[in-house]
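As provided, upload.csv (CSV, C-alpha atoms) reads as follows.
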```
chain,number,residue,atom,x,y,z
A,225,ILE,CA,80.1,55.5,125.2
A,226,PHE,CA,78.1,55.8,121.9
A,227,ARG,CA,74.5,55.4,121.2
A,228,GLN,CA,72.9,55.4,117.8
A,229,ASP,CA,69.6,57.1,116.9
A,230,ASN,CA,68.0,57.6,113.5
A,231,LEU,CA,68.6,61.2,112.6
A,232,MET,CA,68.5,60.9,108.8
A,233,ASP,CA,69.5,58.3,106.3
A,234,GLU,CA,73.0,59.7,105.8
A,235,SER,CA,73.9,60.3,109.4
A,236,ILE,CA,73.6,59.1,113.0
A,237,PHE,CA,73.4,60.7,116.4
A,238,VAL,CA,76.3,59.9,118.7
A,239,GLU,CA,76.6,60.7,122.4
A,240,VAL,CA,80.1,60.9,123.8
A,241,GLN,CA,80.6,60.8,127.5
A,242,TYR,CA,84.0,62.0,128.8
A,243,GLY,CA,84.2,62.0,132.6
A,244,SER,CA,81.0,63.8,133.8
A,245,ASP,CA,80.6,65.7,130.5
A,246,LEU,CA,78.2,64.5,127.8
A,247,PHE,CA,78.7,65.7,124.2
A,248,PRO,CA,76.0,65.2,121.5
A,249,LEU,CA,77.3,64.8,118.0
A,250,ALA,CA,75.5,64.3,114.7
A,251,VAL,CA,77.9,62.6,112.3
A,252,ALA,CA,77.6,61.5,108.7
A,253,LEU,CA,77.7,57.8,108.1
A,254,ASP,CA,80.8,58.2,105.9
A,255,THR,CA,82.7,59.8,108.8
A,256,THR,CA,85.9,57.9,109.5
A,257,ILE,CA,87.3,56.9,112.8
A,258,THR,CA,90.1,59.4,112.4
A,259,GLN,CA,87.6,62.2,111.7
A,260,LEU,CA,85.6,61.2,114.8
A,261,LYS,CA,88.8,61.3,116.8
A,262,GLU,CA,89.5,64.8,115.5
A,263,LYS,CA,86.1,66.0,116.8
A,264,LEU,CA,87.0,64.5,120.2
A,265,VAL,CA,90.3,66.4,120.2
A,266,HIS,CA,88.3,69.6,120.6
A,267,LEU,CA,85.9,68.2,123.2
A,268,THR,CA,88.5,66.4,125.4
A,269,GLY,CA,91.8,68.0,124.6
A,270,LEU,CA,93.4,64.6,123.9
A,271,ASN,CA,95.1,64.2,120.5
A,272,VAL,CA,94.2,61.7,117.9
A,273,ALA,CA,97.1,59.4,118.7
A,274,GLN,CA,95.9,59.0,122.3
A,275,GLN,CA,92.5,57.7,121.3
A,276,LYS,CA,91.9,54.0,120.6
A,277,PHE,CA,88.5,52.4,120.0
A,278,LEU,CA,88.4,48.9,121.5
A,279,GLY,CA,87.2,46.2,119.3
A,280,VAL,CA,87.7,48.2,116.1
A,281,THR,CA,89.9,46.6,113.5
A,282,ASN,CA,91.0,49.8,111.8
A,283,ASN,CA,91.3,52.8,114.1
A,284,GLY,CA,91.9,55.2,111.2
A,285,SER,CA,90.0,54.9,107.9
A,286,GLU,CA,87.1,52.7,108.9
A,287,MET,CA,83.8,54.5,108.6
A,288,ILE,CA,81.1,54.8,111.3
A,289,ALA,CA,78.6,53.1,109.0
A,290,THR,CA,80.5,49.9,109.2
A,291,LEU,CA,80.5,49.7,113.0
A,292,ASP,CA,78.1,47.8,115.1
A,293,LEU,CA,76.7,50.4,117.5
A,294,THR,CA,74.0,48.2,119.0
A,295,GLU,CA,76.2,48.0,122.0
A,296,PRO,CA,78.2,50.9,123.5
A,297,LEU,CA,81.6,51.3,121.9
A,298,ARG,CA,84.4,51.9,124.3
A,299,LEU,CA,87.1,54.4,123.7
A,300,GLU,CA,90.4,54.1,125.5
A,301,PHE,CA,92.6,57.1,126.2
A,302,LEU,CA,96.3,56.2,125.9
A,303,ASP,CA,99.1,57.9,127.8
A,304,ARG,CA,101.1,60.2,125.5
A,305,MET,CA,104.1,57.9,125.8
A,306,GLU,CA,102.0,54.9,124.8
A,307,ALA,CA,100.5,56.7,121.8
A,308,ALA,CA,102.1,55.7,118.5
A,309,PRO,CA,103.9,58.8,117.3
A,310,THR,CA,104.2,57.5,113.8
A,311,GLU,CA,100.6,56.9,113.1
A,312,ASN,CA,99.9,58.6,109.7
A,313,ASN,CA,96.5,59.8,110.6
A,314,SER,CA,97.7,61.6,113.7
A,315,HIS,CA,99.7,64.0,111.7
A,316,SER,CA,97.0,65.1,109.3
A,317,LEU,CA,95.5,67.5,111.7
A,318,ASP,CA,98.9,69.0,112.6
A,319,ASP,CA,99.8,69.3,109.0
A,320,THR,CA,96.5,71.1,108.3
A,321,LYS,CA,97.1,73.5,111.2
A,322,ALA,CA,100.7,74.2,110.2
A,323,PHE,CA,99.6,75.0,106.6
A,324,LEU,CA,96.8,77.3,107.8
A,325,GLU,CA,99.2,79.2,110.1
A,326,LYS,CA,101.4,79.7,107.0
A,327,LEU,CA,98.4,81.1,105.1
A,328,ARG,CA,97.4,83.5,107.9
A,329,ARG,CA,99.4,86.5,106.7
A,330,LEU,CA,99.6,85.9,102.9
A,331,PRO,CA,97.7,88.5,100.8
A,332,PRO,CA,94.1,87.6,99.9
A,333,SER,CA,93.7,85.5,96.8
A,334,GLN,CA,93.0,87.6,93.7
A,335,THR,CA,91.7,84.7,91.6
A,336,PHE,CA,89.8,82.5,94.1
A,337,LEU,CA,86.3,84.0,93.8
A,338,GLN,CA,86.5,84.4,90.0
A,339,GLN,CA,87.7,80.8,89.5
A,340,PHE,CA,85.1,79.5,92.0
A,341,GLU,CA,82.2,81.3,90.4
A,342,SER,CA,83.3,80.4,86.8
A,343,GLN,CA,82.9,76.7,87.7
A,344,HIS,CA,80.2,76.7,90.3
A,345,GLY,CA,78.2,79.9,89.9
A,346,THR,CA,77.5,82.8,92.3
A,347,HIS,CA,75.2,80.9,94.7
A,348,HIS,CA,77.7,80.3,97.5
A,349,PRO,CA,78.5,81.6,101.0
A,350,LYS,CA,79.6,85.2,101.4
A,351,PHE,CA,83.4,85.0,101.2
A,352,VAL,CA,85.3,87.8,102.8
A,353,HIS,CA,88.1,89.4,100.7
A,354,GLN,CA,90.9,89.7,103.3
A,355,THR,CA,93.8,87.8,104.8
A,356,LEU,CA,93.1,84.6,106.8
A,357,ASP,CA,94.6,86.4,109.8
A,358,GLU,CA,92.0,89.2,109.4
A,359,ALA,CA,89.2,86.7,109.0
A,360,LEU,CA,90.3,85.0,112.2
A,361,GLU,CA,90.4,88.3,114.0
A,362,GLU,CA,86.9,89.1,112.8
A,363,SER,CA,85.8,85.7,113.8
A,364,LYS,CA,87.1,86.2,117.4
A,365,SER,CA,85.3,89.5,117.6
A,366,ALA,CA,82.1,88.0,116.4
A,367,ALA,CA,82.6,84.6,118.3
A,368,LEU,CA,82.0,82.8,115.0
A,369,PRO,CA,84.3,80.1,113.5
A,370,VAL,CA,85.8,80.5,110.1
A,371,TYR,CA,84.6,78.3,107.2
A,372,ILE,CA,87.6,77.9,105.0
A,373,THR,CA,87.5,76.8,101.3
A,374,LEU,CA,90.9,75.6,100.0
A,375,TYR,CA,90.1,75.5,96.3
A,376,ARG,CA,91.8,73.5,93.6
A,377,PRO,CA,90.0,73.9,90.2
A,378,GLU,CA,91.1,70.4,89.1
A,379,LYS,CA,89.7,68.8,92.3
A,380,ALA,CA,86.6,70.8,92.9
A,381,THR,CA,83.8,68.2,92.3
A,382,ILE,CA,82.8,68.5,95.9
A,383,PHE,CA,81.4,72.0,95.2
A,384,ASN,CA,79.3,70.9,92.2
A,385,GLN,CA,75.7,71.8,93.0
A,386,LEU,CA,76.7,71.8,96.7
A,387,TYR,CA,75.3,75.0,98.1
A,388,SER,CA,71.6,75.0,98.6
A,389,SER,CA,69.9,78.1,100.1
A,390,GLU,CA,69.5,76.3,103.4
A,391,LEU,CA,73.2,75.4,103.6
A,392,ILE,CA,74.3,78.9,102.5
A,393,SER,CA,72.0,80.4,105.2
A,394,LEU,CA,73.4,78.1,107.9
A,395,ILE,CA,77.0,79.0,106.9
A,396,ASP,CA,76.4,82.8,106.6
A,397,ASP,CA,74.6,82.9,109.9
A,398,ASN,CA,77.2,80.9,111.9
A,399,PHE,CA,80.6,81.4,110.2
A,400,ILE,CA,83.0,83.9,108.6
A,401,SER,CA,83.6,82.4,105.2
A,402,TRP,CA,87.1,82.7,103.6
A,403,GLY,CA,88.7,81.0,100.6
A,404,THR,CA,91.8,80.8,98.6
A,405,THR,CA,93.1,79.0,95.6
A,406,LEU,CA,95.9,76.4,96.2
A,407,SER,CA,98.7,75.7,93.8
A,408,ASN,CA,100.1,72.4,92.7
A,409,ASP,CA,103.0,72.9,95.2
A,410,ASP,CA,100.6,73.2,98.2
A,411,PRO,CA,99.8,70.1,100.3
A,412,ASP,CA,96.7,68.1,99.4
A,413,LEU,CA,94.4,69.2,102.3
A,414,PRO,CA,90.7,68.9,102.7
A,415,PRO,CA,88.8,71.5,100.6
A,416,ILE,CA,86.6,72.5,103.5
A,417,ILE,CA,88.0,73.3,106.9
A,418,MET,CA,86.2,74.8,109.9
A,419,VAL,CA,88.5,76.5,112.4
A,420,PHE,CA,88.7,79.0,115.3
A,421,ASP,CA,91.5,80.6,117.1
A,422,PHE,CA,90.8,80.2,120.8
A,423,GLY,CA,93.9,82.2,121.7
A,424,HIS,CA,96.6,79.5,121.3
A,425,GLY,CA,96.7,79.2,117.5
A,426,ILE,CA,94.3,77.7,115.0
A,427,ASP,CA,92.0,74.9,116.2
A,428,VAL,CA,90.5,72.7,113.5
A,429,LEU,CA,86.9,72.1,114.4
A,430,ASP,CA,86.2,69.8,111.4
A,431,THR,CA,87.3,69.0,107.9
A,432,ILE,CA,85.2,67.9,104.9
A,433,SER,CA,86.6,66.1,101.9
A,434,GLY,CA,85.7,63.4,99.4
A,435,SER,CA,82.3,62.7,97.9
A,436,ILE,CA,79.7,64.3,100.2
A,437,ASP,CA,76.3,65.9,99.6
A,438,ALA,CA,74.7,68.9,101.1
A,439,LYS,CA,72.6,67.0,103.7
A,440,ALA,CA,75.7,65.4,105.1
A,441,ILE,CA,77.6,68.8,105.2
A,442,LEU,CA,74.5,70.3,107.0
A,443,THR,CA,74.9,67.6,109.6
A,444,ARG,CA,78.6,68.2,110.0
A,445,ILE,CA,78.2,71.9,110.3
A,446,PHE,CA,75.4,71.6,112.8
A,447,THR,CA,77.7,69.3,114.8
A,448,VAL,CA,80.5,71.9,114.8
A,449,ILE,CA,78.0,74.6,115.9
A,450,SER,CA,76.3,72.5,118.6
A,451,SER,CA,79.4,70.9,120.1
A,452,ASN,CA,81.2,74.3,120.4
A,453,ALA,CA,78.1,76.4,121.4
A,454,SER,CA,79.1,76.7,125.0
A,455,ARG,CA,82.6,77.8,124.1
A,456,PHE,CA,81.4,80.4,121.7
A,457,ASP,CA,78.7,81.6,124.1
A,458,ALA,CA,81.4,82.1,126.7
A,459,ILE,CA,83.5,84.1,124.2
A,460,LYS,CA,80.4,86.2,123.3
A,461,HIS,CA,79.8,86.8,127.0
A,462,THR,CA,83.4,87.8,127.6
A,463,THR,CA,83.4,90.0,124.4
A,464,ALA,CA,80.1,91.6,125.5
A,465,HIS,CA,81.6,92.3,128.9
A,466,ILE,CA,84.7,93.8,127.3
A,467,VAL,CA,82.7,95.8,124.8
A,468,GLY,CA,80.4,97.0,127.6
A,469,SER,CA,83.4,98.0,129.6
A,470,GLN,CA,84.9,99.7,126.6
A,471,ASP,CA,81.6,101.4,125.9
A,472,ARG,CA,81.5,102.7,129.4
A,473,ASP,CA,85.1,103.9,129.2
A,474,PHE,CA,84.3,105.5,125.9
A,475,GLN,CA,81.2,107.1,127.3
A,476,LYS,CA,83.2,108.4,130.2
A,477,SER,CA,85.9,109.7,127.8
A,478,LEU,CA,83.2,111.4,125.8
A,479,GLU,CA,81.8,113.1,129.0
A,480,ILE,CA,85.3,114.2,130.0
A,481,ASP,CA,85.9,115.6,126.5
A,482,ALA,CA,82.5,117.3,126.5
A,483,GLU,CA,83.3,118.9,129.9
A,484,LYS,CA,86.7,120.0,128.5
A,485,GLU,CA,85.0,121.4,125.5
A,486,ARG,CA,82.4,123.2,127.7
A,487,VAL,CA,85.2,124.8,129.7
A,488,ARG,CA,87.0,125.8,126.5
A,489,SER,CA,83.8,127.2,125.0
A,490,GLU,CA,83.1,129.2,128.1
A,491,GLU,CA,86.7,130.5,128.0
A,492,ARG,CA,86.3,131.4,124.4
A,493,MET,CA,83.0,133.2,125.2
A,494,ARG,CA,84.6,135.0,128.1
A,495,ARG,CA,87.5,136.2,125.9
A,496,GLU,CA,85.1,137.2,123.1
A,497,ALA,CA,83.0,139.2,125.6
A,498,ILE,CA,86.2,140.9,126.9
A,499,ARG,CA,87.3,141.6,123.3
A,500,ARG,CA,83.9,143.1,122.3
A,501,ASN,CA,83.9,145.2,125.5
A,502,GLU,CA,87.3,146.5,124.8
A,503,GLU,CA,86.3,147.3,121.2
A,504,GLU,CA,83.2,149.1,122.4
A,505,ILE,CA,85.3,151.1,124.9
A,506,GLU,CA,87.8,151.9,122.1
A,507,ARG,CA,84.9,153.1,119.8
A,508,ASP,CA,83.5,155.2,122.6
A,509,VAL,CA,87.0,156.8,123.2
A,510,LEU,CA,87.4,157.5,119.5
A,511,LYS,CA,84.0,159.1,119.3
A,512,ARG,CA,84.8,161.2,122.3
A,513,LYS,CA,88.1,162.3,120.8
A,514,GLU,CA,86.3,163.2,117.5
A,515,ARG,CA,83.8,165.3,119.4
A,516,GLU,CA,86.6,167.0,121.4
A,517,ARG,CA,88.5,167.7,118.2
A,518,GLU,CA,85.4,169.2,116.6
A,519,VAL,CA,85.2,171.6,119.6
A,520,LEU,CA,88.9,172.4,119.4
A,521,ALA,CA,88.7,173.0,115.6
A,522,GLY,CA,85.8,175.4,116.3
A,523,LYS,CA,88.0,177.4,118.7
A,524,LEU,CA,90.8,177.9,116.2
A,525,PRO,CA,91.2,181.4,114.8
A,526,ARG,CA,90.2,182.0,111.2
A,527,GLU,CA,92.8,180.8,108.7
A,528,ILE,CA,94.3,183.9,107.1
A,529,PRO,CA,94.4,184.0,103.3
A,530,ALA,CA,97.7,184.4,101.6
A,531,ASN,CA,96.8,187.9,100.4
A,532,GLU,CA,96.2,189.1,104.0
A,533,GLU,CA,98.6,190.0,106.7
A,534,GLY,CA,99.3,187.0,108.9
A,535,THR,CA,102.0,184.4,109.6
A,536,THR,CA,102.6,180.9,108.2
A,537,ILE,CA,103.3,178.3,110.9
A,538,ALA,CA,104.7,174.9,109.9
A,539,ILE,CA,104.8,172.2,112.6
A,540,ARG,CA,106.7,168.9,112.5
A,541,MET,CA,104.6,166.3,114.4
A,542,LEU,CA,105.6,163.4,116.7
A,543,ASP,CA,105.3,160.9,113.9
A,544,GLY,CA,107.4,163.0,111.5
A,545,SER,CA,104.5,164.3,109.5
A,546,LYS,CA,104.1,168.0,108.7
A,547,ILE,CA,101.1,170.3,109.2
A,548,GLN,CA,100.8,173.9,108.2
A,549,ARG,CA,98.3,176.8,108.7
A,550,ARG,CA,98.2,180.7,108.4
A,551,PHE,CA,97.4,182.3,111.7
A,552,PRO,CA,96.8,186.0,112.7
A,553,ARG,CA,100.0,187.5,114.0
A,554,ASP,CA,98.3,188.3,117.3
A,555,ALA,CA,97.0,184.7,117.7
A,556,LYS,CA,98.0,183.1,121.0
A,557,ILE,CA,100.4,180.1,121.4
A,558,GLN,CA,97.3,178.2,122.8
A,559,SER,CA,96.0,178.2,119.2
A,560,ILE,CA,99.1,176.3,118.2
A,561,PHE,CA,98.5,173.7,120.9
A,562,ASP,CA,94.8,173.4,119.8
A,563,PHE,CA,95.9,173.0,116.1
A,564,ILE,CA,98.3,170.3,117.1
A,565,ASN,CA,95.7,168.4,119.2
A,566,VAL,CA,93.2,168.6,116.4
A,567,ASN,CA,95.7,166.9,114.1
A,568,LEU,CA,97.1,164.2,116.4
A,569,PRO,CA,96.2,160.7,115.2
A,570,LEU,CA,93.1,159.4,116.9
A,571,ASN,CA,95.0,156.2,118.2
A,572,VAL,CA,97.5,158.3,120.1
A,573,GLU,CA,97.2,157.8,123.8
A,574,GLU,CA,95.4,160.5,125.7
A,575,ASP,CA,97.4,163.1,127.7
A,576,VAL,CA,100.6,162.3,125.9
A,577,PRO,CA,103.0,164.9,127.3
A,578,TYR,CA,104.7,166.9,124.6
A,579,GLN,CA,106.4,170.2,124.1
A,580,VAL,CA,106.6,172.6,121.2
A,581,ALA,CA,109.8,174.5,120.4
A,582,THR,CA,111.8,176.2,117.7
A,583,ASN,CA,115.0,174.5,116.5
A,584,PHE,CA,117.6,177.2,115.9
A,585,PRO,CA,117.7,179.0,118.2
A,586,ARG,CA,115.9,176.5,120.4
A,587,LYS,CA,113.0,178.2,122.3
A,588,VAL,CA,110.2,176.2,124.1
A,589,MET,CA,106.7,177.6,123.6
A,590,ASP,CA,105.6,177.3,127.3
A,591,ASP,CA,103.4,180.4,127.6
A,592,PRO,CA,100.0,179.6,126.1
A,593,ASP,CA,98.9,183.3,126.4
A,594,ALA,CA,101.9,184.7,124.5
A,595,THR,CA,101.2,185.9,120.9
A,596,LEU,CA,102.9,184.5,117.9
A,597,ALA,CA,104.5,187.9,117.2
A,598,SER,CA,106.0,188.1,120.7
A,599,GLN,CA,107.6,184.7,120.1
A,600,GLY,CA,109.2,185.8,116.9
A,601,LEU,CA,107.0,183.5,114.7
A,602,VAL,CA,106.2,186.2,112.1
A,603,PRO,CA,106.0,186.3,109.1
A,604,GLN,CA,106.6,182.6,109.4
A,605,GLY,CA,107.7,180.0,111.9
A,606,LEU,CA,108.8,176.4,112.1
A,607,LEU,CA,108.0,174.5,115.2
A,608,PHE,CA,108.8,170.9,116.4
A,609,VAL,CA,106.7,168.7,118.6
A,610,SER,CA,108.7,166.3,120.9
A,611,ARG,CA,107.6,163.9,123.6
A,612,LEU,CA,108.4,164.9,127.1
A,613,GLU,CA,110.2,162.2,129.1
A,614,SER,CA,108.8,161.4,132.5
```

Write out the structure in this file as structure tokens.
Amino acid sequence: IFRQDNLMDESIFVEVQYGSDLFPLAVALDTTITQLKEKLVHLTGLNVAQQKFLGVTNNGSEMIATLDLTEPLRLEFLDRMEAAPTENNSHSLDDTKAFLEKLRRLPPSQTFLQQFESQHGTHHPKFVHQTLDEALEESKSAALPVYITLYRPEKATIFNQLYSSELISLIDDNFISWGTTLSNDDPDLPPIIMVFDFGHGIDVLDTISGSIDAKAILTRIFTVISSNASRFDAIKHTTAHIVGSQDRDFQKSLEIDAEKERVRSEERMRREAIRRNEEEIERDVLKRKEREREVLAGKLPREIPANEEGTTIAIRMLDGSKIQRRFPRDAKIQSIFDFINVNLPLNVEEDVPYQVATNFPRKVMDDPDATLASQGLVPQGLLFVSRLES
């Protein structure tokens, strides 16, 4: 059932009732019956071939402006088997969708924007430079339809002085704009197509072609927005719910990561504290050893000059190094032990059991109170330090 109201000179307000649903549409006067049917496809789910206006001579190219809408115009929905499968106009929408599906993954046009601006200036919607597939994905995320421009430079009169600031603002606020340049081999499709992918492929919401001004396009765009508002609001609500759930999951993940990092940080701090404590203990041990060695060095007998009577004792240490000193002949074997301890590396473990002995003949120096002379270590002696096995 249709009702006409005066909206503006170039358009009418149409109300479509389908079952218990009522759909308001603002359509341009030059809208054809086929274009009106295409709008109804998205409202009712019935394809163009299944729609027949009763009492209309031409159910395809006749324009709304020529119809008598003083009385309700009845629309009959045909069974799919009754619908004429060969009706030319019923294939235009399918052809458009098929071509757009082909365009989805082609690289972005490198010449479209340059060609468009060279002929029509820079005052136009904000076209995204990406594939159509990427534009459709972005449109789903934003719950906004895609405003597609299929540009042919030789057939571009529709764009001459088309984009007013009001129209550009309406498009930029409610669409993702995408465009490409068509070649001569591509099908002759409408230059402006508004689409959305509701999850089962591209749905054509409206197409614009022919001689049409900015006011009429404003009406058509407003109709697309208003007639699909509930569907886009549902998508936005679902998207917001998903995003909210993702945000909560992300926040939870951040909290888990933060807790893991806190545990790791505490473990690092614990290990660092242990390391610093061990280093402090090691420094204290070294300082103690240094003090003990200073005491031992102070107990050593005076080193005898070469021109005085004494004995030269050479000692091969545990690490293979050699130390040497001139002792008094009556010095005790303990002085040899003290001399060795003073010269042990500071990093050698404390209380390392070792013994001191001559090599040939082997004789272990095991009496600390014996003199060097009594052990046959005059006028010189060579001693070896070896580790005692447990």

Radius query 8 Å about (86.7, 57.7, 117.8), atoms used: all atoms listed in the file, as a PyMOL selection string: chain A and resi 257-262+264+275-277+283+299

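Minimum atom-to-atom distance to Pro525 of chain A, evaluated using all atoms listed in the file, belongs to A:Arg553 out of A:Asn501, A:Arg507, A:Arg553, A:Lys364.
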
Leu607 of chain A environment, 9 Å, only C-alpha atoms, sequence neighbours closer than 6 positions dropped, as number ranges by chain: A: 537-541, 580-583

Close residues, Gln548 of chain A itself excluded, 12 Å, only C-alpha atoms, min 2 positions apart in chain, as a ChimeraX atom specification: /A:527-528,535-541,545-546,550-551,560,563-564,567,604-608

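Going from atom CA of Glu358 of chain A over to atom CA of Val370 of chain A, you cover 10.7 Å.
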
Within 7 Å of Pro415 of chain A using only C-alpha atoms, minus same-chain residues under 2 positions, as a ChimeraX atom specification: /A:373-375,413,417,432-433

Could you save those same residues with C-alpha atoms as a PDB file, in the frame of the given file?
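Wrote again.pdb, looks like this:
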```
ATOM      1  CA  THR A 373      87.500  76.800 101.300  1.00  0.00           C
ATOM      2  CA  LEU A 374      90.900  75.600 100.000  1.00  0.00           C
ATOM      3  CA  TYR A 375      90.100  75.500  96.300  1.00  0.00           C
ATOM      4  CA  LEU A 413      94.400  69.200 102.300  1.00  0.00           C
ATOM      5  CA  ILE A 417      88.000  73.300 106.900  1.00  0.00           C
ATOM      6  CA  ILE A 432      85.200  67.900 104.900  1.00  0.00           C
ATOM      7  CA  SER A 433      86.600  66.100 101.900  1.00  0.00           C
TER       8      SER A 433
END
```

Long-range neighbours of Asp396 of chain A as a PyMOL selection string, 12 Å cut-off, only C-alpha atoms, 6 positions minimum in chain: chain A and resi 348-352+368-371+387+389-390+402+445

Non-local contacts of segment 332-347 of chain A (7 Å; all atoms listed in the file; under 6 positions in same chain excluded) as JSON, numbers by chain: {"A": [353, 354, 355, 383, 384, 387, 403, 404, 405]}

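Using only C-alpha atoms, the set of residues no farther than 12 Å from the position (77.6, 73.1, 118.4) comprises Phe247, Pro248, Leu249, Ala250, Lys263, His266, Leu267, Leu368, Pro369, Asn398, Leu429, Asp430, Thr443, Arg444, Ile445, Phe446, Thr447, Val448, Ile449, Ser450, Ser451, Asn452, Ala453, Ser454, Arg455, Phe456 and Asp457 of chain A.
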
Point-to-point distance from atom CA of Leu327 of chain A to atom CA of Lys379 of chain A, Å rounded to tenths: 19.8 Å

Shortest interatomic distance to Lys439 of chain A - which of A:Ile498, A:Leu386, A:Ile480, A:Leu568, counting all atoms listed in the file: A:Leu386

Atom-to-atom span, atom CA of Gln475 of chain A and atom CA of Arg494 of chain A, Å: 28.1 Å

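Using all atoms listed in the file, the nearest neighbour of Thr320 of chain A within the list A:Pro414, A:Gly600, A:Gly534, A:Gly468 is A:Pro414.
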
Distance criterion (all atoms listed in the file): nearest to Arg329 of chain A out of A:Arg486, A:Glu300, A:Lys476, A:Glu361: A:Glu361

Of the listed residues A:Glu533, A:Thr290, A:Thr595, A:Tyr578, that which approaches Ser610 of chain A most closely, counting all atoms listed in the file: A:Tyr578
